[in-house]
Amino acid sequence: MAIIKTRNLAKKFGDLVAVDDVNLEIEEGECFGLLGPNGAGKTSLIRMITAVSPPTSGDIQVLDGDLRSHSRQVKAVLGVVPQLDNLDPDLTVVQNLMTFGRYFDIPKAEARQRSIELLRLFQLEDRCNSRIRELSGGMRRRLLIARGLINLPRIVVLDEPTIGLDPQAKYLVWHKLVELKSQGVTRLLCTQNMEEASTLCDRVAVMHQGKIMSLDTPAKLISKYVGNKIWEIELDSEEKGRIVNELEGRGLDFEIVGDKVHIFHVESGESLSGLVDSSAKLRRRSATLEDVFFRLTGRSLAE
Amino acid sequence: MRLFSWRFIRVWQRNRDVFFRLWHSESPGFIAEPIIILLAMGLGLGAYVGLVDGQRYIEFIAPGLIVGYAMFSANFECTYGSFIRMEYQKTFDAIIATPLSIDDVTAGEIFWGATRAVLTGCVMLVVAAVFQLVHSPWALLIPIVCFLEGMLFASIALFFTSIVPSIYSFNYYFSLFITPMFFFSGVFFPLSSFPEIVQKLSWIVPLTPVVYLTRAVINGEFQLNLLWALALIISLTVLFFSISLVTMRRRLTT
């Protein structure tokens with residue numbers, strides 16, 4: 001069952017089209033990834049889905065109801081982890097969680113208990129009474145995620161949750177996100193970390209210039225756009241023209257990246273025989289979501 | 001027009017918690033300064049001032065200082081305080097991702113600003129009573145006057161906050177509006193000492209009816225005019241409260 005549905009959703013800021021005619025269906029219990037370069041419209045999209053930014057046009061259905069008419073009920077079951085730190089610097093660590101709990105009408109005793117559990121879970125329990133400015137960047141990010149879980153949300157929306165985290169903290173967060181799956185929590189994850197997307201997400205949408213370019217499981221995206229293996233050839237400048245001609249002649253799918261050429265959708269090396277004089281110049285590696293990302297969104301800087 | 005919900009109380013509670021954690025850093029502004037002004041002006045300057053009806057000068061300025069400083073509290077809270085929460089700390093962005101709406105935030109800020117006015121007014125009333133400047137049990141109504149006054153000035157202040165580009169804009173608000181009003185609303189000298197045109201103008205500035213009301217309450221002298229003062233305060237409050245709801249929505253919706 002789709003828990004979030006958007007129809008012809010668009011967001012414009014003056015002449016700038018941030019989100020352009022997006023139709024999405026996010027299933028209950030899945031982890032849905034939103035990938036895209038800076039300025040692709042990911043944040044604008046999730047701000048609309050979390051009812052803090054009204055759409056310019058189109059509809060959003062969350063939990064079987066129109067978001068506009070019952071935004072309070074939706075926000076009550078939503079956990080939001082924003083990209084920018086908006087922890088309350090006037091309050092201590094535990095007060096941040098408890099005050100947030102109060103926004104959700106959680107009774108005080110229960111809010112306290114949940115806060116302490118969350119602080120333990122994110123290894124912040126000895127920072128309980130610290131001021132926010134005394135925390136490191138990684139601690140703040142963990143607290144921001146903990147805060148998003150205080151209301152035991154049915155849907156968690158995370159915008160770049162592990163940005164700036166060290167690997168230990170990153171795995172802690174990933175572990176928690178996987179654990180939420182077993183509790184049936186739907187997760188909408190906005191990320192530029194391809195490893196994160198392939199590890200956590202059941203399905204991934206690649207967004208570019210406000211549009212959804214493609215949407216599927218990470219494995220299917222990889223096999224569809226680049227094939228499971230990628231061949232790389234290091235190019236000498238004098239050989240470049242010949243190799244490119246040869247690749248075109250053989251009808252292969254390839255892309256020149258700096259002084260290398262990437263060849264896609266080639267399973268065995270036979271179709272590449274005779275391209276280069278020494279096999280040392282030919283390398284085969286596993287394809288990743290990052291390759292898909294580049295194919296769909298290009299290699300030039302978006303901003 | 002949509003109205004705010006009872007959930008505004010959550011914003012009020014958040015501000016209350018922060019205030020009672022940090023109140024000692026706020027106390028010079030709302031306790032020490034008004035006492036110093038009361039003594040310096042009332043006793044120091046007052047020694048040279050003879051009022052027509054034989055009232056002591058310190059008695060004359062006490063009611064105005066009570067509501068004057070209550071007004072400053074509401075204004076500081078809903079200008080610098082609200083602006084910092086909104087723009088620097090992004091506190092409102094965090095709150096509107098919960099079941100609270102922008103309208104709840106607006107109402108919570110205004111009610112908290114009014115609460116600050118009541119707190120300051122109560123402190124000042126106690127100080128005035130200690131100096132035996134309160135002559136009627138009706139003075140117990142002063143916290144209510146301060147609440148109405150606080151709602152009025154918190155609404156005006158938050159409206160201003162919702163439209164200014166930067167925190168420096170508040171210099172205009174205080175230097176050109178609040179401070180002149182403080183001096184031309186009958187706090188330090190009777191309005192009758194001004195030319196008639198100034199007297200009429202001073203009734204437009206919203207502190208004048210508040211001072212008028214307070215002076216009547218603290219001395220227990222009631223006249224029909226008070227109803228006009230009350231009506232003026234309430235209608236300006238409704239006006240600016242409603243405008244703030246709209247302008248805050250515009251500011252926080254992106």
# chains A, B, ... in the order shown; residues from 1 in each chain; ligands from 1

$ interface_residues --of "chain B" --to "chain A" --cutoff "7 Å" --atoms "only C-alpha atoms" --output "ChimeraX atom specification"
/B:10,14,18,89-91,94,96-100,253-254

$ write_last_selection --atoms "C-alpha atoms" --output "mmCIF file, in the first residue's frame"
data_model
loop_
_atom_site.group_PDB
_atom_site.id
_atom_site.type_symbol
_atom_site.label_atom_id
_atom_site.label_comp_id
_atom_site.auth_asym_id
_atom_site.auth_seq_id
_atom_site.Cartn_x
_atom_site.Cartn_y
_atom_site.Cartn_z
ATOM 1 C CA ARG B 10 3.673 24.533 23.570
ATOM 2 C CA ARG B 14 9.263 26.428 25.462
ATOM 3 C CA VAL B 18 14.248 29.030 28.508
ATOM 4 C CA GLN B 89 18.382 29.521 15.643
ATOM 5 C CA LYS B 90 15.765 28.297 13.134
ATOM 6 C CA THR B 91 13.666 27.306 16.119
ATOM 7 C CA ALA B 94 11.909 22.969 13.769
ATOM 8 C CA ILE B 96 6.462 23.754 12.338
ATOM 9 C CA ALA B 97 7.686 20.277 11.370
ATOM 10 C CA THR B 98 5.696 19.011 14.385
ATOM 11 C CA PRO B 99 1.880 19.165 14.736
ATOM 12 C CA LEU B 100 2.167 22.890 15.437
ATOM 13 C CA THR B 253 6.281 29.783 4.262
ATOM 14 C CA THR B 254 8.826 28.966 1.579
#

$ residues_around --residues "region 154-159 of chain B" --least-positions-apart "6" --cutoff "6 Å" --atoms "only C-alpha atoms" --output "CSV table (one decimal) with N, CA and C atoms, in the first residue's frame"
chain,number,residue,atom,x,y,z
B,74,ALA,N,7.8,43.3,26.6
B,74,ALA,CA,7.1,42.7,25.5
B,74,ALA,C,7.8,43.0,24.2
B,75,ASN,N,8.3,44.2,24.1
B,75,ASN,CA,8.9,44.6,22.8
B,75,ASN,C,10.2,43.9,22.5
B,78,CYS,N,9.6,40.2,21.6
B,78,CYS,CA,9.0,39.9,20.3
B,78,CYS,C,9.8,40.6,19.2
B,79,THR,N,10.8,41.3,19.5
B,79,THR,CA,11.7,41.8,18.4
B,79,THR,C,13.0,41.0,18.4
B,110,ILE,N,3.5,35.8,20.8
B,110,ILE,CA,2.8,36.9,21.3
B,110,ILE,C,2.3,36.7,22.8
B,113,GLY,N,5.3,37.1,24.9
B,113,GLY,CA,5.7,38.5,25.0
B,113,GLY,C,4.8,39.2,26.1
B,240,PHE,N,-3.4,44.2,15.2
B,240,PHE,CA,-2.0,43.8,15.0
B,240,PHE,C,-1.8,42.3,15.2
B,241,PHE,N,-2.6,41.7,16.0
B,241,PHE,CA,-2.5,40.2,16.2
B,241,PHE,C,-2.8,39.6,14.8
B,244,SER,N,-0.2,40.1,12.2
B,244,SER,CA,1.0,39.3,12.5
B,244,SER,C,0.8,37.9,12.0

$ select_by_dssp --residues "region 48-83 of chain B" --states "helix (DSSP H, G or I)" --output "count of residues only"
28

$ closest_residue --among "A:Pro153, A:Gly36, A:Gly14, A:Gly227" --to "Gly298 (chain A)" --atoms "only C-alpha atoms"
A:Gly36

$ closest_residue --among "B:Ile178, B:Val217, B:Val198, B:Ile163" --to "Ile142 (chain B)" --atoms "only C-alpha atoms"
B:Val217

$ residues_around --residues "region 277-294 of chain A" --least-positions-apart "3" --cutoff "8 Å" --atoms "only C-alpha atoms" --output "JSON, numbers by chain"
{"A": [35, 36, 194, 195, 198, 206, 218, 221, 222, 225, 226, 227, 228, 229, 230, 231, 232, 233, 234, 274, 297, 298, 299]}

$ write_last_selection --atoms "N, CA and C atoms" --output "PDB file, in the first residue's frame"
ATOM      1  N   LEU A  35      18.022  10.390  -4.698  1.00  0.00           N
ATOM      2  CA  LEU A  35      19.391  10.764  -5.039  1.00  0.00           C
ATOM      3  C   LEU A  35      19.356  11.908  -6.037  1.00  0.00           C
ATOM      4  N   GLY A  36      20.390  12.715  -6.008  1.00  0.00           N
ATOM      5  CA  GLY A  36      20.453  13.785  -7.007  1.00  0.00           C
ATOM      6  C   GLY A  36      21.515  14.775  -6.625  1.00  0.00           C
ATOM      7  N   MET A 194      26.261   7.362  -2.146  1.00  0.00           N
ATOM      8  CA  MET A 194      25.760   6.249  -2.961  1.00  0.00           C
ATOM      9  C   MET A 194      25.807   4.930  -2.206  1.00  0.00           C
ATOM     10  N   GLU A 195      26.823   4.815  -1.358  1.00  0.00           N
ATOM     11  CA  GLU A 195      26.955   3.591  -0.578  1.00  0.00           C
ATOM     12  C   GLU A 195      25.759   3.481   0.368  1.00  0.00           C
ATOM     13  N   SER A 198      22.681   2.434  -1.640  1.00  0.00           N
ATOM     14  CA  SER A 198      22.608   1.025  -2.028  1.00  0.00           C
ATOM     15  C   SER A 198      22.499   0.103  -0.813  1.00  0.00           C
ATOM     16  N   VAL A 206      16.303   8.700  -8.863  1.00  0.00           N
ATOM     17  CA  VAL A 206      17.370   9.658  -9.168  1.00  0.00           C
ATOM     18  C   VAL A 206      16.705  10.928  -9.697  1.00  0.00           C
ATOM     19  N   PRO A 218      18.128  -0.486  -6.344  1.00  0.00           N
ATOM     20  CA  PRO A 218      19.511  -0.159  -6.719  1.00  0.00           C
ATOM     21  C   PRO A 218      20.087  -1.157  -7.723  1.00  0.00           C
ATOM     22  N   LEU A 221      18.603  -0.596 -11.190  1.00  0.00           N
ATOM     23  CA  LEU A 221      19.117   0.638 -11.797  1.00  0.00           C
ATOM     24  C   LEU A 221      20.498   0.400 -12.375  1.00  0.00           C
ATOM     25  N   ILE A 222      21.311  -0.330 -11.608  1.00  0.00           N
ATOM     26  CA  ILE A 222      22.676  -0.588 -12.063  1.00  0.00           C
ATOM     27  C   ILE A 222      22.654  -1.437 -13.331  1.00  0.00           C
ATOM     28  N   TYR A 225      21.238   0.738 -16.372  1.00  0.00           N
ATOM     29  CA  TYR A 225      21.951   1.880 -16.943  1.00  0.00           C
ATOM     30  C   TYR A 225      23.427   1.639 -17.235  1.00  0.00           C
ATOM     31  N   VAL A 226      24.056   0.735 -16.480  1.00  0.00           N
ATOM     32  CA  VAL A 226      25.491   0.550 -16.722  1.00  0.00           C
ATOM     33  C   VAL A 226      25.909  -0.910 -16.837  1.00  0.00           C
ATOM     34  N   GLY A 227      25.026  -1.832 -16.504  1.00  0.00           N
ATOM     35  CA  GLY A 227      25.443  -3.237 -16.481  1.00  0.00           C
ATOM     36  C   GLY A 227      26.174  -3.527 -15.191  1.00  0.00           C
ATOM     37  N   ASN A 228      26.309  -4.811 -14.875  1.00  0.00           N
ATOM     38  CA  ASN A 228      26.864  -5.139 -13.558  1.00  0.00           C
ATOM     39  C   ASN A 228      28.363  -4.898 -13.463  1.00  0.00           C
ATOM     40  N   LYS A 229      29.042  -4.992 -14.620  1.00  0.00           N
ATOM     41  CA  LYS A 229      30.496  -4.775 -14.609  1.00  0.00           C
ATOM     42  C   LYS A 229      30.829  -3.591 -15.500  1.00  0.00           C
ATOM     43  N   ILE A 230      31.833  -2.875 -15.098  1.00  0.00           N
ATOM     44  CA  ILE A 230      32.292  -1.770 -15.935  1.00  0.00           C
ATOM     45  C   ILE A 230      33.748  -2.035 -16.316  1.00  0.00           C
ATOM     46  N   TRP A 231      34.053  -1.854 -17.595  1.00  0.00           N
ATOM     47  CA  TRP A 231      35.431  -1.973 -18.057  1.00  0.00           C
ATOM     48  C   TRP A 231      36.006  -0.570 -18.195  1.00  0.00           C
ATOM     49  N   GLU A 232      37.227  -0.432 -17.693  1.00  0.00           N
ATOM     50  CA  GLU A 232      37.888   0.875 -17.826  1.00  0.00           C
ATOM     51  C   GLU A 232      39.163   0.709 -18.635  1.00  0.00           C
ATOM     52  N   ILE A 233      39.372   1.594 -19.574  1.00  0.00           N
ATOM     53  CA  ILE A 233      40.634   1.592 -20.325  1.00  0.00           C
ATOM     54  C   ILE A 233      41.333   2.909 -20.076  1.00  0.00           C
ATOM     55  N   GLU A 234      42.593   2.828 -19.723  1.00  0.00           N
ATOM     56  CA  GLU A 234      43.379   4.062 -19.606  1.00  0.00           C
ATOM     57  C   GLU A 234      43.814   4.493 -20.993  1.00  0.00           C
ATOM     58  N   GLY A 274      41.599  -7.044 -28.559  1.00  0.00           N
ATOM     59  CA  GLY A 274      42.281  -6.290 -29.597  1.00  0.00           C
ATOM     60  C   GLY A 274      42.179  -4.782 -29.471  1.00  0.00           C
ATOM     61  N   THR A 297      22.746  12.028 -14.447  1.00  0.00           N
ATOM     62  CA  THR A 297      22.760  13.452 -14.098  1.00  0.00           C
ATOM     63  C   THR A 297      23.951  14.191 -14.696  1.00  0.00           C
ATOM     64  N   GLY A 298      24.787  13.470 -15.457  1.00  0.00           N
ATOM     65  CA  GLY A 298      25.917  14.121 -16.102  1.00  0.00           C
ATOM     66  C   GLY A 298      27.075  14.351 -15.153  1.00  0.00           C
ATOM     67  N   ARG A 299      28.190  14.793 -15.720  1.00  0.00           N
ATOM     68  CA  ARG A 299      29.378  14.962 -14.893  1.00  0.00           C
ATOM     69  C   ARG A 299      29.689  16.420 -14.600  1.00  0.00           C
TER      70      ARG A 299
END

$ closest_residue --among "A:Thr162, A:Asn245, A:Gln209, A:Ser57" --to "Leu177 (chain A)" --atoms "only C-alpha atoms"
A:Thr162

$ residues_around --residues "region 60-62 of chain A" --least-positions-apart "5" --cutoff "6 Å" --atoms "only C-alpha atoms" --output "list of chain:residue names"
A:Ile3, A:Ile4, A:Lys5, A:Thr6, A:Leu67

$ residues_around --residues "region 183-191 of chain A" --least-positions-apart "3" --cutoff "6 Å" --atoms "only C-alpha atoms" --output "list in words"
Glu28, Gly29, Glu30, Cys31, Phe32, Gly33, Leu34, Leu35, Arg154, Ile155, Val156, Val157, Leu158, Asp159, Glu160 and Leu180 of chain A

$ residues_around --residues "Asn171 (chain B)" --least-positions-apart "4" --cutoff "12 Å" --atoms "only C-alpha atoms" --output "ChimeraX atom specification"
/B:76,79-80,160-161,164,166-167,175-179

$ atom_distance --atom1 "CA of Arg250 (chain B)" --atom2 "CA of Ser162 (chain B)"
8.4 Å

$ closest_residue --among "B:Leu119, B:Trp112, B:Asp17, B:Met124" --to "Pro34 (chain B)" --atoms "only C-alpha atoms"
B:Met124

$ closest_residue --among "A:Arg68, A:Lys12, A:Arg112, A:Arg141" --to "Cys128 (chain A)" --atoms "only C-alpha atoms"
A:Arg112

$ residues_around --residues "Gly186 (chain B)" --least-positions-apart "3" --cutoff "9 Å" --atoms "only C-alpha atoms" --output "PyMOL selection string"
chain B and resi 61+64+182-183+189-192+202+207-208+211-212

$ closest_residue --among "A:Val266, A:Ala146, A:Ala18, A:Met213" --to "Arg295 (chain A)" --atoms "only C-alpha atoms"
A:Met213
